[in-house]
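Raw contents of final.cif, mmCIF, C-alpha atoms:
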```cif
data_coords
#
loop_
_atom_site.label_atom_id
_atom_site.label_comp_id
_atom_site.auth_asym_id
_atom_site.auth_seq_id
_atom_site.Cartn_x
_atom_site.Cartn_y
_atom_site.Cartn_z
CA MET Y 1 26.22 13.42 -7.93
CA ASN Y 2 22.84 14.93 -7.16
CA GLY Y 3 22.82 16.82 -3.86
CA TYR Y 4 19.84 14.88 -2.53
CA SER Y 5 21.44 11.55 -3.42
CA LEU Y 6 24.39 12.49 -1.24
CA ILE Y 7 22.05 12.91 1.74
CA LEU Y 8 20.79 9.35 1.36
CA ASP Y 9 24.32 8.04 0.82
CA ILE Y 10 25.55 9.60 4.07
CA LEU Y 11 22.61 8.16 5.99
CA ARG Y 12 23.01 4.64 4.58
CA ARG Y 13 24.47 2.16 7.02
CA ASP Y 14 27.23 0.91 4.70
CA PHE Y 15 28.22 4.12 2.91
CA GLN Y 16 31.91 4.24 2.14
CA TYR Y 17 33.11 7.81 2.50
CA SER Y 18 35.97 7.04 0.13
CA LYS Y 19 33.29 7.20 -2.56
CA LEU Y 20 33.42 10.98 -2.30
CA LYS Y 21 37.10 10.94 -3.17
CA ASP Y 22 36.46 8.68 -6.14
CA ILE Y 23 33.69 10.75 -7.69
CA GLY Y 24 34.97 14.15 -6.62
CA THR Y 25 32.75 16.83 -5.09
CA SER Y 26 32.93 19.61 -7.66
CA SER Y 27 29.82 18.27 -9.41
CA ILE Y 28 27.68 18.01 -6.27
CA GLU Y 29 24.78 20.44 -6.09
CA TRP Y 30 25.46 21.77 -2.61
CA ASP Y 31 22.44 24.10 -2.54
CA ILE Y 32 20.17 21.11 -3.17
CA PHE Y 33 22.08 19.11 -0.55
CA LEU Y 34 21.57 21.77 2.14
CA GLU Y 35 17.96 22.48 1.20
CA GLY Y 36 17.14 18.79 1.37
CA ALA Y 37 19.00 18.25 4.65
CA PHE Y 38 17.05 21.04 6.34
CA ARG Y 39 13.69 20.15 4.79
CA GLU Y 40 14.03 16.48 5.73
CA GLY Y 41 15.12 17.28 9.30
CA VAL Y 42 18.42 15.39 8.98
CA ALA Y 43 20.95 18.26 9.00
CA GLY Y 44 21.88 17.63 12.64
CA PHE Y 45 22.20 13.90 12.04
CA ILE Y 46 24.46 14.46 9.04
CA PHE Y 47 26.66 16.90 10.97
CA SER Y 48 27.04 14.42 13.83
CA ARG Y 49 28.36 11.83 11.34
CA LEU Y 50 30.75 14.21 9.62
CA ARG Y 51 32.25 16.24 12.44
CA ASN Y 52 34.74 13.65 13.70
CA ASP Y 53 35.53 12.06 10.35
CA SER Y 54 38.14 13.09 7.81
CA VAL Y 55 35.41 12.89 5.15
CA LYS Y 56 34.42 16.41 6.15
CA ASN Y 57 37.50 17.59 4.22
CA TYR Y 58 35.58 16.83 1.02
CA PHE Y 59 32.81 19.29 1.96
CA PRO Y 60 32.96 23.02 1.22
CA GLU Y 61 33.58 25.09 4.34
CA ASN Y 62 30.35 27.07 3.96
CA VAL Y 63 28.33 23.80 3.83
CA LEU Y 64 29.93 22.53 7.05
CA ILE Y 65 29.28 25.90 8.70
CA ARG Y 66 25.58 25.76 7.80
CA LEU Y 67 25.27 22.23 9.14
CA GLU Y 68 27.11 23.15 12.34
CA GLU Y 69 24.92 26.22 12.84
CA PHE Y 70 21.82 24.04 12.59
CA TYR Y 71 23.29 21.52 15.02
CA LEU Y 72 24.27 24.15 17.60
CA THR Y 73 20.97 26.02 17.32
CA ASN Y 74 19.10 22.77 17.77
CA LEU Y 75 21.31 21.81 20.70
CA GLY Y 76 20.60 25.10 22.45
CA ARG Y 77 16.86 24.99 21.85
CA ASN Y 78 16.50 21.35 22.89
CA THR Y 79 18.55 21.97 26.04
CA ILE Y 80 16.12 24.73 27.05
CA ILE Y 81 13.10 22.57 26.22
CA TYR Y 82 14.37 19.63 28.27
CA LYS Y 83 15.09 21.90 31.22
CA GLU Y 84 11.46 23.03 31.06
CA LEU Y 85 10.25 19.45 30.66
CA GLU Y 86 12.01 18.41 33.86
CA SER Y 87 9.74 20.76 35.80
CA ILE Y 88 6.61 19.66 33.93
CA PHE Y 89 7.36 15.96 34.41
CA LYS Y 90 8.00 16.45 38.11
CA SER Y 91 4.72 18.33 38.60
CA LEU Y 92 2.68 15.82 36.59
CA ASN Y 93 4.25 12.93 38.47
CA GLU Y 94 3.49 14.52 41.85
CA GLU Y 95 -0.14 15.06 40.80
CA GLY Y 96 -0.45 11.41 39.81
CA ILE Y 97 -1.20 12.24 36.17
CA ILE Y 98 -0.07 9.49 33.82
CA CYS Y 99 1.54 11.02 30.76
CA PHE Y 100 3.10 9.23 27.79
CA ILE Y 101 5.99 11.02 26.08
CA ASN Y 102 5.84 10.53 22.34
CA ARG Y 103 8.46 10.59 19.58
CA GLY Y 104 10.74 13.65 19.55
CA ALA Y 105 10.45 14.49 23.22
CA TYR Y 106 11.90 11.07 23.99
CA PHE Y 107 14.05 10.39 20.92
CA SER Y 108 16.22 13.52 21.01
CA LYS Y 109 17.69 12.74 24.41
CA TYR Y 110 17.24 9.01 24.95
CA LEU Y 111 17.45 7.46 21.46
CA TYR Y 112 19.96 9.71 19.70
CA CYS Y 113 21.70 10.61 22.98
CA ASP Y 114 22.68 13.99 21.52
CA LEU Y 115 20.36 16.99 21.83
CA GLY Y 116 21.80 18.60 18.71
CA ILE Y 117 20.78 15.87 16.28
CA ARG Y 118 16.99 15.78 16.19
CA ALA Y 119 14.85 18.91 16.15
CA MET Y 120 11.55 19.19 18.01
CA ALA Y 121 8.87 21.54 16.69
CA ASP Y 122 6.77 20.78 19.76
CA VAL Y 123 6.50 18.21 22.54
CA ASP Y 124 3.93 15.46 21.99
CA MET Y 125 2.28 14.21 25.16
CA VAL Y 126 -0.52 11.64 25.45
CA ILE Y 127 -2.81 11.57 28.49
CA PHE Y 128 -6.10 9.92 29.41
CA ASP Y 129 -9.07 12.10 28.49
CA GLU Y 130 -10.29 12.14 32.08
CA ASP Y 131 -7.06 13.85 33.16
CA LEU Y 132 -7.42 16.84 30.82
CA GLU Y 133 -8.55 19.38 33.44
CA ARG Y 134 -5.89 18.31 35.92
CA PHE Y 135 -3.23 18.52 33.21
CA LYS Y 136 -4.41 22.02 32.27
CA ASN Y 137 -4.23 23.15 35.89
CA VAL Y 138 -0.65 21.92 36.21
CA VAL Y 139 0.69 23.66 33.11
CA LEU Y 140 -1.33 26.84 33.64
CA ASN Y 141 0.11 27.14 37.14
CA MET Y 142 3.53 26.93 35.50
CA GLY Y 143 2.77 29.95 33.33
CA TYR Y 144 1.68 28.27 30.10
CA GLY Y 145 -0.98 29.76 27.88
CA TYR Y 146 -3.47 28.20 25.49
CA PHE Y 147 -6.31 29.17 23.18
CA ASP Y 148 -9.68 29.10 24.94
CA ARG Y 149 -11.36 27.31 22.04
CA TYR Y 150 -8.57 24.78 21.62
CA PRO Y 151 -7.21 23.69 25.02
CA PHE Y 152 -4.84 21.07 23.62
CA PHE Y 153 -1.89 23.23 22.61
CA PHE Y 154 0.13 25.00 25.31
CA TYR Y 155 2.95 27.50 24.89
CA LYS Y 156 5.52 29.32 27.00
CA ASN Y 157 8.81 30.98 26.02
CA GLY Y 158 9.34 28.92 22.86
CA CYS Y 159 8.28 25.61 24.42
CA TYR Y 160 5.15 24.14 22.83
CA ILE Y 161 3.13 21.18 24.08
CA ASP Y 162 0.86 19.32 21.66
CA LEU Y 163 -1.52 17.34 23.85
CA HIS Y 164 -3.20 14.13 22.64
CA LEU Y 165 -6.06 12.38 24.42
CA ASN Y 166 -5.86 8.58 24.62
CA LYS Y 167 -4.16 8.10 21.25
CA PRO Y 168 -0.67 9.05 20.05
CA GLY Y 169 -2.06 9.26 16.53
CA PHE Y 170 -5.02 11.17 15.08
CA TRP Y 171 -6.89 11.31 18.38
CA ARG Y 172 -9.49 13.89 17.39
CA VAL Y 173 -11.37 11.43 15.15
CA ASP Y 174 -13.05 8.86 17.38
CA ASN Y 175 -13.49 6.26 14.63
CA TRP Y 176 -9.90 6.47 13.40
CA PRO Y 177 -9.24 3.04 11.85
CA CYS Y 178 -6.10 2.26 13.87
CA GLY Y 179 -6.31 0.73 17.33
CA PHE Y 180 -3.21 2.23 18.99
CA THR Y 181 -4.45 3.76 22.26
CA ILE Y 182 -3.14 4.09 25.80
CA LYS Y 183 -6.54 2.79 26.92
CA ASP Y 184 -5.21 -0.61 25.82
CA ILE Y 185 -4.20 -2.43 29.02
CA GLU Y 186 -1.42 -4.30 27.22
CA ILE Y 187 0.13 -1.06 25.95
CA GLN Y 188 0.03 0.29 29.50
CA ARG Y 189 1.61 -2.87 30.87
CA ARG Y 190 4.41 -2.84 28.30
CA SER Y 191 5.27 0.82 28.82
CA LEU Y 192 8.25 1.92 30.92
CA PRO Y 193 8.87 4.85 33.27
CA LEU Y 194 10.95 7.62 31.75
CA GLU Y 195 13.11 7.51 34.88
CA ASN Y 196 12.89 5.59 38.16
CA SER Y 197 11.83 8.74 40.00
CA LEU Y 198 9.08 9.52 37.45
CA SER Y 199 6.85 6.48 37.54
CA ASN Y 200 3.85 8.30 36.00
CA ILE Y 201 5.82 9.66 33.04
CA ARG Y 202 5.75 6.76 30.62
CA VAL Y 203 7.34 5.78 27.31
CA PHE Y 204 6.17 3.09 24.93
CA ASP Y 205 8.18 -0.06 24.50
CA VAL Y 206 10.29 -0.31 21.32
CA TYR Y 207 7.75 -2.24 19.23
CA ASP Y 208 4.86 0.07 20.12
CA PHE Y 209 7.09 3.07 19.46
CA ILE Y 210 7.93 1.74 15.98
CA LEU Y 211 4.28 1.26 15.08
CA GLY Y 212 3.41 4.69 16.46
CA CYS Y 213 6.12 6.17 14.25
CA CYS Y 214 4.79 4.31 11.20
CA GLN Y 215 1.30 5.66 11.86
CA HIS Y 216 2.71 9.18 12.31
CA LEU Y 217 4.64 8.92 9.04
CA GLN Y 218 1.50 8.03 7.12
CA GLU Y 219 -0.54 10.72 8.89
CA HIS Y 220 1.98 13.23 7.55
CA SER Y 221 2.28 11.60 4.11
CA PHE Y 222 5.78 10.22 4.78
CA SER Y 223 7.09 13.76 4.44
CA LYS Y 224 10.29 13.81 6.55
CA LEU Y 225 13.29 11.55 6.27
CA ILE Y 226 14.20 12.00 9.95
CA TRP Y 227 11.00 10.15 10.91
CA PHE Y 228 12.18 7.15 8.89
CA ILE Y 229 15.55 7.40 10.63
CA ASP Y 230 13.71 7.28 13.99
CA VAL Y 231 12.35 3.85 13.05
CA ALA Y 232 15.77 2.66 11.91
CA LYS Y 233 17.31 3.80 15.20
CA LEU Y 234 14.60 2.04 17.21
CA ILE Y 235 15.21 -1.20 15.31
CA GLU Y 236 18.98 -0.91 15.78
CA SER Y 237 18.54 -0.18 19.50
CA LYS Y 238 17.35 -3.78 20.04
CA GLY Y 239 20.21 -5.32 18.08
CA SER Y 240 20.09 -9.11 17.81
CA ASP Y 241 17.27 -9.27 20.38
CA PHE Y 242 14.78 -7.81 17.92
CA GLU Y 243 11.69 -10.02 17.51
CA TRP Y 244 10.01 -9.45 14.15
CA LYS Y 245 7.16 -11.79 14.95
CA VAL Y 246 6.15 -9.55 17.85
CA LEU Y 247 6.17 -6.47 15.64
CA GLU Y 248 4.14 -8.12 12.88
CA GLU Y 249 1.52 -9.38 15.34
CA ARG Y 250 1.08 -5.95 16.91
CA ALA Y 251 0.86 -4.30 13.48
CA GLU Y 252 -2.00 -6.68 12.73
CA ASN Y 253 -3.70 -6.00 16.07
CA PHE Y 254 -3.46 -2.21 15.67
CA ASN Y 255 -4.57 -2.31 12.01
CA LEU Y 256 -1.25 -0.71 11.12
CA LYS Y 257 0.27 -3.43 8.97
CA LYS Y 258 0.13 -1.32 5.79
CA PRO Y 259 1.83 1.79 7.25
CA PHE Y 260 4.33 -0.56 8.90
CA TYR Y 261 5.00 -2.34 5.61
CA PHE Y 262 5.43 0.94 3.73
CA VAL Y 263 8.03 2.20 6.20
CA ILE Y 264 9.96 -1.07 6.35
CA GLU Y 265 10.00 -1.32 2.55
CA TYR Y 266 11.40 2.21 2.34
CA LEU Y 267 14.11 1.53 4.91
CA THR Y 268 15.21 -1.76 3.39
CA LYS Y 269 15.06 -0.70 -0.27
CA ASN Y 270 17.08 2.45 0.54
CA ASN Y 271 19.52 0.44 2.67
CA LEU Y 272 18.91 2.57 5.76
CA VAL Y 273 18.61 -0.36 8.15
CA SER Y 274 19.97 -3.89 8.32
CA LEU Y 275 17.27 -6.49 8.81
CA PRO Y 276 17.79 -10.22 9.27
CA HIS Y 277 14.17 -10.66 8.27
CA TYR Y 278 11.35 -8.33 7.44
CA ILE Y 279 7.71 -8.51 6.65
CA ASN Y 280 6.79 -10.92 3.86
CA ARG Y 281 5.36 -9.33 0.71
CA LYS Y 282 2.39 -11.71 0.82
CA TYR Y 283 1.55 -10.37 4.27
CA VAL Y 284 -0.04 -7.23 2.80
CA ALA Y 285 -2.50 -6.97 -0.09
CA LEU Y 286 -2.41 -3.53 -1.74
CA ASN Y 287 -4.77 -1.87 -4.20
CA PHE Y 288 -3.59 0.18 -7.19
CA ILE Y 289 -3.31 3.49 -5.32
CA GLU Y 290 -1.44 1.84 -2.45
CA GLU Y 291 0.94 0.06 -4.82
CA LYS Y 292 1.63 3.29 -6.70
CA SER Y 293 2.08 5.21 -3.45
CA LEU Y 294 4.56 2.66 -2.15
CA SER Y 295 6.61 2.77 -5.34
CA LEU Y 296 6.79 6.58 -5.10
CA ILE Y 297 7.75 6.46 -1.42
CA VAL Y 298 10.58 4.00 -2.08
CA ALA Y 299 11.76 6.18 -4.97
CA ASN Y 300 11.81 9.26 -2.70
CA LYS Y 301 8.96 10.92 -4.58
CA ARG Y 302 7.06 11.18 -1.34
CA ASN Y 303 5.55 14.58 -2.09
CA TYR Y 304 3.07 12.85 -4.46
CA VAL Y 305 1.63 10.64 -1.70
CA CYS Y 306 -1.48 11.48 0.34
CA GLY Y 307 -1.46 9.74 3.72
CA TRP Y 308 -5.09 10.63 4.48
CA MET Y 309 -6.25 8.80 1.38
CA LEU Y 310 -4.26 5.72 2.39
CA PHE Y 311 -5.90 5.68 5.83
CA LEU Y 312 -9.32 5.51 4.19
CA PHE Y 313 -8.34 2.10 2.81
CA LEU Y 314 -7.66 0.84 6.36
CA ALA Y 315 -11.35 1.25 7.24
CA LYS Y 316 -13.01 -2.13 6.82
CA GLY Y 317 -16.03 -1.40 4.58
CA MET Y 318 -17.66 1.38 2.57
CA LYS Y 319 -19.80 2.41 5.52
CA ASP Y 320 -16.76 2.73 7.79
CA LYS Y 321 -14.88 4.61 5.06
CA PHE Y 322 -17.77 7.04 4.62
CA ASN Y 323 -18.10 7.61 8.37
CA LEU Y 324 -14.35 8.18 8.71
CA LEU Y 325 -14.35 10.74 5.91
CA ARG Y 326 -17.41 12.43 7.44
CA LYS Y 327 -15.74 12.70 10.84
CA ILE Y 328 -12.59 14.16 9.28
CA LEU Y 329 -14.47 16.68 7.14
CA PHE Y 330 -16.85 17.78 9.88
CA LEU Y 331 -14.55 17.67 12.87
CA LYS Y 332 -16.11 18.64 16.20
CA LYS Y 333 -15.74 22.37 16.68
CA GLU Y 334 -13.84 21.98 19.97
CA TYR Y 335 -11.15 20.07 18.07
CA ILE Y 336 -10.54 22.72 15.42
CA PRO Y 337 -7.56 24.91 16.39
CA LEU Y 338 -9.11 28.31 15.66
CA SER Y 339 -9.03 31.43 17.84
CA LYS Y 340 -12.77 31.95 17.32
CA GLU Y 341 -15.69 29.56 17.10
CA PRO Y 342 -15.90 27.98 13.63
CA GLY Y 343 -18.98 28.81 11.62
CA PHE Y 344 -20.52 27.53 8.40
CA SER Y 345 -17.90 29.24 6.26
CA SER Y 346 -15.09 27.60 8.27
CA TYR Y 347 -16.52 24.14 7.71
CA LEU Y 348 -17.15 24.89 4.02
CA ARG Y 349 -13.56 26.00 3.50
CA ARG Y 350 -12.33 22.95 5.39
CA PHE Y 351 -14.56 20.63 3.34
CA LEU Y 352 -13.51 22.12 0.00
CA GLY Y 353 -9.85 22.23 1.03
CA ILE Y 354 -9.67 18.58 2.10
CA ILE Y 355 -11.72 17.22 -0.81
CA GLY Y 356 -9.76 19.34 -3.27
CA TYR Y 357 -6.44 18.18 -1.84
CA ILE Y 358 -7.39 14.49 -1.97
CA LEU Y 359 -8.66 14.80 -5.56
CA ARG Y 360 -5.53 16.64 -6.70
CA MET Y 361 -3.29 14.06 -5.10
CA ALA Y 362 -5.30 11.19 -6.59
CA ILE Y 363 -4.97 12.68 -10.09
CA VAL Y 364 -1.25 13.35 -9.65
CA LEU Y 365 -0.74 9.83 -8.29
CA VAL Y 366 -2.29 8.27 -11.38
CA MET Y 367 -0.36 10.50 -13.77
CA VAL Y 368 3.11 10.22 -12.20
#
```
Now, as a test, write the supplied structure out as structure tokens.
Amino acid sequence: MNGYSLILDILRRDFQYSKLKDIGTSSIEWDIFLEGAFREGVAGFIFSRLRNDSVKNYFPENVLIRLEEFYLTNLGRNTIIYKELESIFKSLNEEGIICFINRGAYFSKYLYCDLGIRAMADVDMVIFDEDLERFKNVVLNMGYGYFDRYPFFFYKNGCYIDLHLNKPGFWRVDNWPCGFTIKDIEIQRRSLPLENSLSNIRVFDVYDFILGCCQHLQEHSFSKLIWFIDVAKLIESKGSDFEWKVLEERAENFNLKKPFYFVIEYLTKNNLVSLPHYINRKYVALNFIEEKSLSLIVANKRNYVCGWMLFLFLAKGMKDKFNLLRKILFLKKEYIPLSKEPGFSSYLRRFLGIIGYILRMAIVLVMV
């Protein structure tokens, strides 16, 4: 058995661990298994499934040790981060600053209910643009630093805050083709307080969270398996109360029906979630590049897919597509995370880098 195939088997909802006994484990490529588990961000999730099950007896001791080391390291780091977040949340709440906690900062503790399972590279927070200066004052008074020319990324003792204004997605491009924003009154109304004592610290409802995750997956070219697992866990958290009609309608309203469809197709075709019903194939019309991208995603050849290129197709017409590409290529200088002010050479390198990447991916996509 291929080492990467074993990762997917363990994550599948109906995997029978007796299968390992039947096929034997001597032929499994354990180096590939470990490399894939770490790269895809699922090592902690796999360890949590194995540690209390006799199936772990089929795994080499050194493999279990590596998985446990990842789990324990992640547990320690996330425990420290959450301790720091308690102070930040309290201060923001007292200042009356509304802050939405996005993805990992919520999922690790409240969705997986085990701080060792899901790693966090940084903490994603979404605030209203008018609250930026007040937010900065709060975190600076707590000892955080930031780059003068990019005041949206804060750091202190291994805790990193990635701040978004108004949108959980690609907020720096004002004509981004997706309509998911906390400026939406309905999104505000549907959101919930993180805790009863923290009324200004908000989390999205399950359906909005799912669509935000689908957008994030496409923004990052569907690159990590743990982000797909996030969506599966969100779906499972609702159980039989899940309302697919609600999710489909919101996907339409946010112009996220294609990213949503891609993620759901991946989860269902790879048997990572059980769905009584999912989006109808006729619901989404795809062009050649989108069709090819979807087939590669489902086949776990996700490294050939360019999420940026797919977002261009969400823009309604050629004019909107051109303007979106222009805004991405020539991003406002205050939104470019550089330690010094970007000059002509910076924009030229950015332009050539992005265009070159998209062209390479388009060629590879056609040839694969």
**OP:** With the file shown as input, list the residues that the PyMOL selection byres ((chain Y and resi 354) around 12) selects, as a ChimeraX atom specification.
**Re:** /Y:306,308-309,325-326,328-331,347-353,355-361
Original post:
What do you get, as a ChimeraX atom specification, if you spell out every residue that the PyMOL selection byres ((chain Y and resi 4) around 9) selects here?
Top reply: /Y:1-3,5-9,29-30,32-37
Can you write just those residues out, C-alpha atoms, as a CSV table (one decimal), keeping the file's coordinate frame?
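part38.csv, freshly written:
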```
chain,number,residue,atom,x,y,z
Y,1,MET,CA,26.2,13.4,-7.9
Y,2,ASN,CA,22.8,14.9,-7.2
Y,3,GLY,CA,22.8,16.8,-3.9
Y,5,SER,CA,21.4,11.6,-3.4
Y,6,LEU,CA,24.4,12.5,-1.2
Y,7,ILE,CA,22.0,12.9,1.7
Y,8,LEU,CA,20.8,9.4,1.4
Y,9,ASP,CA,24.3,8.0,0.8
Y,29,GLU,CA,24.8,20.4,-6.1
Y,30,TRP,CA,25.5,21.8,-2.6
Y,32,ILE,CA,20.2,21.1,-3.2
Y,33,PHE,CA,22.1,19.1,-0.6
Y,34,LEU,CA,21.6,21.8,2.1
Y,35,GLU,CA,18.0,22.5,1.2
Y,36,GLY,CA,17.1,18.8,1.4
Y,37,ALA,CA,19.0,18.2,4.6
```
**OP:** Return the single residue from Y:Glu265, Y:Glu130, Y:Glu252, Y:Glu94 that is closest to Leu314 of chain Y, with distances computed using all atoms listed in the file.
**Re:** Y:Glu252
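Taken over the shown file, the PyMOL selection byres ((chain Y and resi 192) around 8) identifies Arg190, Ser191, Pro193, Leu194, Arg202, Val203, Phe204 and Asp205 of chain Y.
Nearest to Ile182 of chain Y of all the residues Y:Asn141, Y:Gln218, Y:Ser223, Y:Asn102 is Y:Asn102, counting only C-alpha atoms.
Put simply, atom CA of Val246 of chain Y is 13.1 Å away from atom CA of Glu186 of chain Y.
For the choices Y:Asp53, Y:Asp114, Y:Glu290, Y:Glu219, the atom-to-atom distance to Leu75 of chain Y is smallest for Y:Asp114 when using only C-alpha atoms.
Ranking Y:Gly317, Y:Pro337, Y:Gly143, Y:Gly212 by their shortest atom-to-atom distance to Lys167 of chain Y, with only C-alpha atoms included, puts Y:Gly212 first.
With only C-alpha atoms taken into account, every residue lying no more than 10 Å from the file point (-2.2, 12.5, 34.9) is included here: Ser91, Leu92, Asn93, Glu94, Glu95, Gly96, Ile97, Ile98, Cys99, Phe100, Val126, Ile127, Phe128, Asp129, Glu130, Asp131, Leu132, Glu133, Arg134, Phe135, Val138, Asn200 and Ile201 of chain Y.
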**OP:** Could you please determine the separation between atom CA of Pro177 of chain Y and atom CA of Ala251 of chain Y in Å, to one decimal place?
**Re:** 12.6 Å
